[in-house]
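With mmCIF, C-alpha atoms and all ligand atoms inside, this is query.cif:
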```cif
data_query
#
loop_
_atom_site.group_PDB
_atom_site.id
_atom_site.type_symbol
_atom_site.label_atom_id
_atom_site.label_comp_id
_atom_site.auth_asym_id
_atom_site.auth_seq_id
_atom_site.Cartn_x
_atom_site.Cartn_y
_atom_site.Cartn_z
ATOM 1 C CA MET A 1 80.024 180.665 -86.380
ATOM 2 C CA GLU A 2 82.963 182.853 -85.352
ATOM 3 C CA PRO A 3 85.890 180.376 -85.205
ATOM 4 C CA LYS A 4 84.721 178.606 -88.304
ATOM 5 C CA PHE A 5 84.630 181.905 -90.121
ATOM 6 C CA THR A 6 88.245 182.772 -89.315
ATOM 7 C CA GLU A 7 89.334 179.276 -90.205
ATOM 8 C CA MET A 8 87.644 179.464 -93.564
ATOM 9 C CA TYR A 9 89.042 182.838 -94.178
ATOM 10 C CA GLN A 10 92.438 181.284 -94.705
ATOM 11 C CA LYS A 11 91.271 178.981 -97.443
ATOM 12 C CA GLU A 12 91.870 179.844 -101.060
ATOM 13 C CA PRO A 13 88.778 180.983 -102.916
ATOM 14 C CA ALA A 14 87.388 177.932 -104.652
ATOM 15 C CA GLY A 15 87.535 178.734 -108.336
ATOM 16 C CA GLU A 16 86.006 175.504 -109.519
ATOM 17 C CA MET A 17 82.818 176.235 -107.622
ATOM 18 C CA ASP A 18 81.673 179.006 -109.922
ATOM 19 C CA GLY A 19 78.474 177.250 -110.904
ATOM 20 C CA ALA A 20 77.413 176.583 -107.332
ATOM 21 C CA CYS A 21 78.484 180.061 -106.241
ATOM 22 C CA GLY A 22 76.290 181.541 -108.937
ATOM 23 C CA GLN A 23 73.308 179.536 -107.751
ATOM 24 C CA VAL A 24 74.002 180.547 -104.183
ATOM 25 C CA ALA A 25 74.212 184.205 -105.207
ATOM 26 C CA ASP A 26 70.798 183.898 -106.840
ATOM 27 C CA LEU A 27 69.391 182.566 -103.585
ATOM 28 C CA LEU A 28 70.749 185.312 -101.339
ATOM 29 C CA ASP A 29 67.576 187.374 -101.330
ATOM 30 C CA SER A 30 65.255 184.411 -100.860
ATOM 31 C CA MET A 31 67.400 183.249 -97.966
ATOM 32 C CA VAL A 32 67.437 186.526 -96.049
ATOM 33 C CA ASP A 33 63.747 187.075 -96.766
ATOM 34 C CA GLY A 34 62.702 183.621 -95.608
ATOM 35 C CA GLU A 35 61.409 182.745 -99.069
ATOM 36 C CA ALA A 36 63.724 179.850 -99.907
ATOM 37 C CA THR A 37 62.331 176.326 -100.058
ATOM 38 C CA ALA A 38 63.648 173.661 -97.708
ATOM 39 C CA GLU A 39 65.697 172.186 -100.517
ATOM 40 C CA GLU A 40 67.157 175.564 -101.451
ATOM 41 C CA GLN A 41 68.040 176.178 -97.821
ATOM 42 C CA ARG A 42 69.870 172.866 -97.537
ATOM 43 C CA PHE A 43 71.838 173.531 -100.698
ATOM 44 C CA PHE A 44 72.618 177.078 -99.624
ATOM 45 C CA ASN A 45 73.687 176.232 -96.088
ATOM 46 C CA SER A 46 75.917 173.362 -97.071
ATOM 47 C CA HIS A 47 77.601 175.515 -99.690
ATOM 48 C CA ILE A 48 78.363 178.450 -97.414
ATOM 49 C CA GLU A 49 79.994 176.125 -94.926
ATOM 50 C CA GLU A 50 82.662 175.468 -97.503
ATOM 51 C CA CYS A 51 82.834 178.694 -99.431
ATOM 52 C CA VAL A 52 84.097 181.784 -97.694
ATOM 53 C CA ASN A 53 83.024 184.166 -100.444
ATOM 54 C CA CYS A 54 79.442 183.034 -100.372
ATOM 55 C CA PHE A 55 79.482 182.956 -96.575
ATOM 56 C CA GLU A 56 80.592 186.562 -96.554
ATOM 57 C CA ASN A 57 78.032 187.588 -99.141
ATOM 58 C CA HIS A 58 75.350 186.028 -97.006
ATOM 59 C CA GLN A 59 76.541 187.957 -93.960
ATOM 60 C CA LYS A 60 76.480 191.161 -95.980
ATOM 61 C CA GLN A 61 72.997 190.505 -97.256
ATOM 62 C CA LYS A 62 71.719 189.890 -93.745
ATOM 63 C CA LEU A 63 73.443 193.039 -92.560
ATOM 64 C CA LEU A 64 71.860 195.065 -95.330
ATOM 65 C CA LYS A 65 68.386 193.843 -94.507
ATOM 66 C CA GLY A 66 69.031 194.505 -90.828
ATOM 67 C CA LEU A 67 70.089 198.049 -91.566
ATOM 68 C CA ILE A 68 66.684 198.791 -93.035
ATOM 69 C CA SER A 69 64.545 196.831 -90.601
ATOM 70 C CA GLY A 70 66.550 197.816 -87.556
ATOM 71 C CA HIS A 71 67.740 201.329 -88.214
ATOM 72 C CA LEU A 72 65.441 203.126 -90.593
ATOM 73 C CA LYS A 73 63.472 205.524 -88.466
ATOM 74 C CA ARG A 74 59.729 205.421 -88.640
ATOM 75 C CA VAL A 75 58.109 208.775 -89.156
ATOM 76 C CA ILE A 76 55.446 209.816 -86.699
ATOM 77 C CA VAL A 77 51.926 210.062 -87.998
ATOM 78 C CA PRO A 78 50.494 213.568 -87.507
ATOM 79 C CA GLU A 79 48.065 213.463 -84.602
ATOM 80 C CA SER A 80 45.257 215.028 -86.584
ATOM 81 C CA LEU A 81 45.363 212.571 -89.481
ATOM 82 C CA ALA A 82 43.128 209.850 -88.050
ATOM 83 C CA GLN A 83 40.562 212.448 -87.011
ATOM 84 C CA THR A 84 40.657 214.087 -90.430
ATOM 85 C CA ILE A 85 40.044 210.758 -92.121
ATOM 86 C CA LYS A 86 37.165 209.905 -89.791
ATOM 87 C CA ALA A 87 35.616 213.321 -90.360
ATOM 88 C CA LYS A 88 35.842 212.996 -94.139
ATOM 89 C CA ILE A 89 34.250 209.598 -93.985
ATOM 90 C CA GLN A 90 31.411 210.922 -91.867
ATOM 91 C CA GLU A 91 30.665 213.375 -94.643
ATOM 92 C CA THR A 92 30.666 210.636 -97.249
ATOM 93 C CA ILE A 93 27.289 209.076 -97.929
ATOM 94 C CA MET B 1 27.632 210.576 -105.105
ATOM 95 C CA SER B 2 25.970 207.433 -106.337
ATOM 96 C CA GLU B 3 27.505 204.632 -104.323
ATOM 97 C CA GLN B 4 25.357 201.744 -103.397
ATOM 98 C CA THR B 5 26.220 199.500 -100.538
ATOM 99 C CA GLY B 6 25.962 195.988 -101.864
ATOM 100 C CA LYS B 7 25.363 194.444 -98.502
ATOM 101 C CA GLN B 8 22.805 196.079 -96.345
ATOM 102 C CA LEU B 9 25.097 197.581 -93.775
ATOM 103 C CA SER B 10 23.956 200.770 -92.180
ATOM 104 C CA LYS B 11 26.364 203.652 -92.498
ATOM 105 C CA GLU B 12 27.124 203.316 -88.793
ATOM 106 C CA GLU B 13 28.008 199.642 -89.178
ATOM 107 C CA LYS B 14 30.082 200.304 -92.228
ATOM 108 C CA ASP B 15 31.963 203.152 -90.574
ATOM 109 C CA ALA B 16 32.602 201.078 -87.473
ATOM 110 C CA ARG B 17 33.960 198.185 -89.518
ATOM 111 C CA PHE B 18 36.033 200.519 -91.614
ATOM 112 C CA GLU B 19 37.614 202.103 -88.576
ATOM 113 C CA ALA B 20 38.225 198.822 -86.827
ATOM 114 C CA GLU B 21 39.754 197.033 -89.792
ATOM 115 C CA LEU B 22 41.515 199.716 -91.767
ATOM 116 C CA LEU B 23 42.535 202.509 -89.425
ATOM 117 C CA PRO B 24 45.044 200.322 -87.539
ATOM 118 C CA VAL B 25 47.099 200.333 -90.754
ATOM 119 C CA LEU B 26 47.474 204.120 -90.583
ATOM 120 C CA ASP B 27 50.984 204.087 -89.169
ATOM 121 C CA PRO B 28 52.630 201.776 -91.739
ATOM 122 C CA LEU B 29 50.605 203.378 -94.502
ATOM 123 C CA TYR B 30 51.754 206.872 -93.597
ATOM 124 C CA ASN B 31 55.331 205.667 -93.390
ATOM 125 C CA PHE B 32 55.051 204.095 -96.824
ATOM 126 C CA ALA B 33 53.563 207.312 -98.219
ATOM 127 C CA TYR B 34 56.351 209.309 -96.685
ATOM 128 C CA ARG B 35 59.046 207.050 -98.139
ATOM 129 C CA LEU B 36 57.460 207.371 -101.573
ATOM 130 C CA THR B 37 56.891 211.120 -101.575
ATOM 131 C CA LEU B 38 59.672 212.189 -99.180
ATOM 132 C CA ASP B 39 57.402 214.962 -98.005
ATOM 133 C CA GLU B 40 55.145 215.054 -94.943
ATOM 134 C CA ASP B 41 52.363 217.117 -96.510
ATOM 135 C CA ASP B 42 52.324 214.964 -99.611
ATOM 136 C CA ALA B 43 52.274 211.845 -97.463
ATOM 137 C CA ASN B 44 49.356 213.271 -95.536
ATOM 138 C CA ASP B 45 47.378 213.970 -98.723
ATOM 139 C CA LEU B 46 48.196 210.597 -100.194
ATOM 140 C CA VAL B 47 47.068 208.733 -97.081
ATOM 141 C CA GLN B 48 43.806 210.678 -96.917
ATOM 142 C CA GLU B 49 43.142 209.966 -100.559
ATOM 143 C CA THR B 50 43.881 206.294 -99.986
ATOM 144 C CA TYR B 51 41.437 206.002 -97.109
ATOM 145 C CA LEU B 52 38.706 207.807 -99.003
ATOM 146 C CA LYS B 53 39.141 205.438 -101.935
ATOM 147 C CA ALA B 54 39.184 202.490 -99.587
ATOM 148 C CA TYR B 55 35.940 203.719 -98.068
ATOM 149 C CA ARG B 56 34.319 204.037 -101.465
ATOM 150 C CA PHE B 57 35.354 200.505 -102.361
ATOM 151 C CA PHE B 58 34.947 199.033 -98.923
ATOM 152 C CA ASP B 59 32.178 196.716 -100.072
ATOM 153 C CA TYR B 60 34.711 194.973 -102.259
ATOM 154 C CA PHE B 61 37.027 194.377 -99.370
ATOM 155 C CA GLU B 62 36.601 190.893 -98.012
ATOM 156 C CA GLN B 63 36.509 190.912 -94.293
ATOM 157 C CA GLY B 64 39.332 189.007 -92.687
ATOM 158 C CA THR B 65 41.617 189.265 -95.705
ATOM 159 C CA ASN B 66 44.850 191.237 -95.707
ATOM 160 C CA ALA B 67 43.737 194.811 -95.009
ATOM 161 C CA LYS B 68 47.297 196.067 -94.908
ATOM 162 C CA ALA B 69 48.187 194.718 -98.340
ATOM 163 C CA TRP B 70 44.904 196.000 -99.743
ATOM 164 C CA LEU B 71 45.531 199.549 -98.495
ATOM 165 C CA PHE B 72 49.151 199.504 -99.617
ATOM 166 C CA ARG B 73 47.992 198.536 -103.074
ATOM 167 C CA ILE B 74 45.483 201.385 -103.213
ATOM 168 C CA LEU B 75 48.097 203.841 -102.017
ATOM 169 C CA LYS B 76 50.674 202.655 -104.504
ATOM 170 C CA ASN B 77 48.151 203.004 -107.342
ATOM 171 C CA SER B 78 47.118 206.463 -106.208
ATOM 172 C CA PHE B 79 50.715 207.468 -106.108
ATOM 173 C CA ILE B 80 51.378 206.244 -109.632
ATOM 174 C CA ASN B 81 48.138 207.234 -111.320
ATOM 175 C CA GLU B 82 47.262 210.557 -109.914
ATOM 176 C CA PHE B 83 49.370 211.816 -107.161
ATOM 177 C CA ARG B 84 52.690 211.764 -108.910
ATOM 178 C CA LYS B 85 51.367 213.949 -111.707
ATOM 179 C CA LYS B 86 49.832 216.583 -109.527
ATOM 180 C CA SER B 87 52.513 216.551 -106.867
ATOM 181 C CA LYS B 88 54.074 219.927 -106.429
ATOM 182 C CA GLN B 89 57.540 218.440 -106.468
ATOM 183 C CA PRO B 90 57.592 215.430 -108.769
ATOM 184 C CA ALA B 91 61.322 215.877 -109.248
ATOM 185 C CA LYS B 92 61.872 214.553 -105.766
ATOM 186 C CA VAL B 93 61.176 211.051 -106.886
ATOM 187 C CA ASP B 94 63.204 211.427 -110.026
ATOM 188 C CA TYR B 95 66.393 209.427 -109.986
ATOM 189 C CA SER B 96 68.469 211.904 -111.981
ATOM 190 C CA GLU B 97 67.737 214.572 -109.403
ATOM 191 C CA VAL B 98 69.389 212.704 -106.620
ATOM 192 C CA GLU B 99 71.817 210.419 -108.352
ATOM 193 C CA GLY B 100 74.834 212.497 -107.448
ATOM 194 C CA TYR B 101 73.969 212.754 -103.815
ATOM 195 C CA TYR B 102 76.181 210.010 -102.557
ATOM 196 C CA ASN B 103 79.149 210.911 -104.649
ATOM 197 C CA THR B 104 79.747 213.939 -102.544
ATOM 198 C CA GLU B 105 82.220 213.366 -99.770
ATOM 199 C CA ASP B 106 80.733 212.081 -96.593
ATOM 200 C CA VAL B 107 81.399 214.859 -94.166
ATOM 201 C CA GLU B 108 79.648 214.161 -90.907
ATOM 202 C CA GLY B 109 79.010 210.563 -90.032
ATOM 203 C CA ASP B 110 82.106 208.702 -90.964
ATOM 204 C CA ASN B 111 84.632 209.561 -88.299
ATOM 205 C CA GLY B 112 82.178 209.285 -85.480
ATOM 206 C CA VAL B 113 81.149 205.801 -86.437
ATOM 207 C CA ALA B 114 84.487 204.419 -87.471
ATOM 208 C CA THR B 115 85.971 205.199 -84.096
ATOM 209 C CA THR B 116 83.060 203.896 -82.097
ATOM 210 C CA THR B 117 82.983 200.249 -81.232
ATOM 211 C CA ASP B 118 79.668 200.039 -79.457
ATOM 212 C CA MET B 119 77.069 200.193 -82.203
ATOM 213 C CA ARG B 120 74.229 200.073 -79.742
ATOM 214 C CA THR B 121 74.671 203.509 -78.269
ATOM 215 C CA GLU B 122 71.833 205.773 -79.166
ATOM 216 C CA SER B 123 73.788 208.487 -80.933
ATOM 217 C CA VAL B 124 75.468 205.982 -83.201
ATOM 218 C CA GLN B 125 72.207 204.304 -83.972
ATOM 219 C CA ASP B 126 70.843 207.656 -85.062
ATOM 220 C CA LEU B 127 73.796 208.175 -87.358
ATOM 221 C CA ILE B 128 73.267 204.778 -88.924
ATOM 222 C CA GLY B 129 69.560 205.465 -89.296
ATOM 223 C CA ASP B 130 70.267 208.782 -90.985
ATOM 224 C CA GLU B 131 72.812 207.194 -93.262
ATOM 225 C CA VAL B 132 70.446 204.409 -94.236
ATOM 226 C CA ALA B 133 67.627 206.866 -94.868
ATOM 227 C CA SER B 134 69.811 209.097 -97.033
ATOM 228 C CA ALA B 135 71.024 206.162 -99.077
ATOM 229 C CA LEU B 136 67.525 204.794 -99.470
ATOM 230 C CA ASN B 137 66.130 208.151 -100.533
ATOM 231 C CA THR B 138 68.578 208.371 -103.394
ATOM 232 C CA LEU B 139 67.229 205.160 -104.944
ATOM 233 C CA PRO B 140 64.668 205.351 -107.765
ATOM 234 C CA VAL B 141 61.174 205.094 -106.365
ATOM 235 C CA ASP B 142 60.589 201.564 -107.694
ATOM 236 C CA PHE B 143 63.673 200.322 -105.887
ATOM 237 C CA ARG B 144 62.799 202.203 -102.734
ATOM 238 C CA THR B 145 59.350 200.700 -102.808
ATOM 239 C CA VAL B 146 60.380 197.049 -102.871
ATOM 240 C CA ILE B 147 62.894 197.590 -100.095
ATOM 241 C CA ILE B 148 60.330 199.301 -97.874
ATOM 242 C CA LEU B 149 57.700 196.656 -98.528
ATOM 243 C CA CYS B 150 60.080 193.798 -97.925
ATOM 244 C CA ASP B 151 62.464 194.943 -95.223
ATOM 245 C CA LEU B 152 60.481 197.514 -93.299
ATOM 246 C CA GLU B 153 56.972 196.115 -93.586
ATOM 247 C CA GLY B 154 57.802 192.449 -93.922
ATOM 248 C CA PHE B 155 55.522 191.656 -96.853
ATOM 249 C CA THR B 156 56.121 188.348 -98.612
ATOM 250 C CA TYR B 157 57.111 188.247 -102.282
ATOM 251 C CA GLU B 158 53.611 187.104 -103.109
ATOM 252 C CA GLU B 159 52.017 189.999 -101.255
ATOM 253 C CA MET B 160 54.429 192.407 -102.914
ATOM 254 C CA ALA B 161 53.483 191.043 -106.325
ATOM 255 C CA LYS B 162 49.839 191.772 -105.544
ATOM 256 C CA ILE B 163 50.485 195.222 -104.138
ATOM 257 C CA LEU B 164 52.600 196.210 -107.129
ATOM 258 C CA ASP B 165 50.663 194.318 -109.813
ATOM 259 C CA ILE B 166 53.786 192.644 -111.125
ATOM 260 C CA PRO B 167 54.803 188.976 -111.436
ATOM 261 C CA ILE B 168 56.723 187.431 -108.566
ATOM 262 C CA GLY B 169 59.775 187.043 -110.795
ATOM 263 C CA THR B 170 59.793 190.794 -111.287
ATOM 264 C CA VAL B 171 59.557 191.289 -107.534
ATOM 265 C CA ARG B 172 62.654 189.126 -107.118
ATOM 266 C CA SER B 173 64.701 190.823 -109.793
ATOM 267 C CA ARG B 174 63.683 194.301 -108.752
ATOM 268 C CA LEU B 175 64.513 193.577 -105.140
ATOM 269 C CA HIS B 176 67.844 192.159 -106.193
ATOM 270 C CA ARG B 177 68.758 195.230 -108.212
ATOM 271 C CA ALA B 178 67.457 197.547 -105.516
ATOM 272 C CA ARG B 179 69.642 195.898 -102.897
ATOM 273 C CA ASN B 180 72.704 195.955 -105.086
ATOM 274 C CA SER B 181 72.195 199.625 -105.616
ATOM 275 C CA LEU B 182 71.671 200.281 -101.913
ATOM 276 C CA LYS B 183 74.653 198.101 -101.066
ATOM 277 C CA GLU B 184 76.905 200.198 -103.251
ATOM 278 C CA LYS B 185 75.757 203.316 -101.493
ATOM 279 C CA LEU B 186 76.251 201.831 -98.077
ATOM 280 C CA GLU B 187 79.418 199.932 -98.802
ATOM 281 C CA LYS B 188 81.661 202.327 -97.017
ATOM 282 C CA TYR B 189 79.361 202.079 -94.082
ATOM 283 C CA ALA B 190 79.205 198.322 -94.002
ATOM 284 C CA ARG B 191 82.966 198.150 -93.800
ATOM 285 C CA THR B 192 82.907 200.039 -90.522
ATOM 286 C CA MET B 193 80.381 197.610 -89.119
ATOM 287 C CA GLY B 194 82.093 194.323 -88.598
ATOM 288 C CA TYR B 195 84.156 193.072 -91.478
ATOM 289 C CA ASN B 196 87.371 193.935 -89.757
ATOM 290 C CA SER B 197 87.540 190.773 -87.676
HETATM 291 ZN ZN ZN C 1 80.476 179.914 -103.194
#
```
Show the structure stored in the file as structure tokens.
Amino acid sequence: MEPKFTEMYQKEPAGEMDGACGQVADLLDSMVDGEATAEEQRFFNSHIEECVNCFENHQKQKLLKGLISGHLKRVIVPESLAQTIKAKIQETI
Amino acid sequence: MSEQTGKQLSKEEKDARFEAELLPVLDPLYNFAYRLTLDEDDANDLVQETYLKAYRFFDYFEQGTNAKAWLFRILKNSFINEFRKKSKQPAKVDYSEVEGYYNTEDVEGDNGVATTTDMRTESVQDLIGDEVASALNTLPVDFRTVIILCDLEGFTYEEMAKILDIPIGTVRSRLHRARNSLKEKLEKYARTMGYNS
């Protein structure tokens, strides 16, 4: 990915690809969330190989998702909570 | 109390099943509650309420189906229907309250991170985590919710639609807007993380 990225970086933004870029933008979430169909994936991947803007947007979207999944701290469940729940349930008929 | 157990499970059997199938979800459920309420005591109350409701309706839970999604749905409904009203600090989930948060100058994190190249060191990771949490907490609760469900808990769009009682198209558009909003808040941060190649 790396060398290709730098190489593409030097290309002019493709103005005539607005329609395709729009479609690709609409697919960004589905792509990073693994919800895109096989056909959507093919379209998306072939487009970002040619379009540096969309390639970059895809990188950003992946980064954003990774920030949440990889860096958001999980809070620690209070030790007593499970016991409290069990006790309350015991009391329930 | 006038519950009837539809199937003839003894209370012992029911309790054992309940604990085995639903209590393992405690950790993600508490985390979800905390991200909604932004308060540990409130999260605690909300989780307890959720489990008690789940127990009351346990006969309607089909064994082997998605216990996690089922509990998340109950918790989300409790939060909306009851909890939010009686919460001692409802303003905490109000967007207007926190909207200005990120406009204030970033005083601590920025220098430390910008000058550090190894993003894997623990102290830096903490800074990023704090930054992400702060940004996330400033989002309206509906936006925060879809991001947590999707990115932290890994629910599918379809599961999210069921948890939130909204069409899948709404899940998509809400997630899209939520991410755009979060992206804006984290933009400065993202720039320090690898677009300088
Ligand atoms: Zn494009």
*For Ile89 (chain A): contacts at 9 Å, all atoms listed in the file, fewer than 2 positions along chain excluded, given as a ChimeraX atom specification*: /A:84-87,91-93 /B:15,51-52,55
Identify, on the basis of all atoms listed in the file, every residue whose closest approach to Ser46 (chain A) does not exceed 12 Å; exclude the query and any residue fewer than 5 positions from it along the same chain; express the result as a PDB file with C-alpha atoms, in the coordinates of the input.
```
ATOM      1  CA  ALA A  20      77.413 176.583-107.332  1.00  0.00           C
ATOM      2  CA  CYS A  21      78.484 180.061-106.241  1.00  0.00           C
ATOM      3  CA  VAL A  24      74.002 180.547-104.183  1.00  0.00           C
ATOM      4  CA  GLU A  39      65.697 172.186-100.517  1.00  0.00           C
ATOM      5  CA  GLU A  40      67.157 175.564-101.451  1.00  0.00           C
ATOM      6  CA  GLN A  41      68.040 176.178 -97.821  1.00  0.00           C
ATOM      7  CA  CYS A  51      82.834 178.694 -99.431  1.00  0.00           C
ATOM      8  CA  VAL A  52      84.097 181.784 -97.694  1.00  0.00           C
ATOM      9  CA  CYS A  54      79.442 183.034-100.372  1.00  0.00           C
ATOM     10  CA  PHE A  55      79.482 182.956 -96.575  1.00  0.00           C
TER      11      PHE A  55
END
```
Tell me which residues the PyMOL selection byres ((chain B) within 6 of (chain A)) grabs here, as a PDB file with C-alpha atoms, keeping the file's coordinate frame.
```pdb
ATOM      1  CA  ASN B  31      55.331 205.667 -93.390  1.00  0.00           C
ATOM      2  CA  GLY B 129      69.560 205.465 -89.296  1.00  0.00           C
ATOM      3  CA  ASP B 151      62.464 194.943 -95.223  1.00  0.00           C
ATOM      4  CA  LEU B 152      60.481 197.514 -93.299  1.00  0.00           C
TER       5      LEU B 152
END
```
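Across the model, the gap from CA of Lys62 (chain A) to CA of Asn45 (chain A) is 14.0 Å.
Note that CA of Leu75 (chain B) and CA of Asp45 (chain B) are 10.7 Å apart.
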*For ligand ZN 1 (chain C), which of A:Gly22, A:Arg42, A:Gln83, A:Ala36 is the closest residue, counting all atoms listed in the file?*
A:Gly22
*In file coordinates, which residues lie within 12 Å of (67.4, 207.6, -95.3) using only C-alpha atoms, given as a ChimeraX atom specification?*
/A:67-68,71-75 /B:34-36,38,101-102,126-139,144,147-148,182,185-186
*Using the chain letters and residue numbers of this document, give as a PyMOL selection string the residues selected by the PyMOL selection byres (((chain B and resi 73) around 9) and not hetatm).*
chain B and resi 68-72+74-78+160+162-165
*Distance in Å - CA of Thr37 (chain A) versus CA of Glu50 (chain A)*: 20.5 Å
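With distances taken over all atoms listed in the file, A:Asn53 is the one residue among A:Glu79, A:Asn53, A:Met31, A:His58 lying closest to ligand ZN 1 (chain C).
Candidate residues B:Thr50, B:Asn66, B:Thr145, B:Ser10 were compared for distance to Ala178 (chain B), and the nearest is B:Thr145, using only C-alpha atoms.
Closest approach to ligand ZN 1 (chain C) among A:Ser80, A:His47, A:Leu27, A:Ala38 is made by A:His47 (distances from only C-alpha atoms and all ligand atoms).
Nearest residue to Val141 (chain B) among B:Pro24, B:Glu159, B:Gly154, B:Phe32 is B:Phe32, counting all atoms listed in the file.
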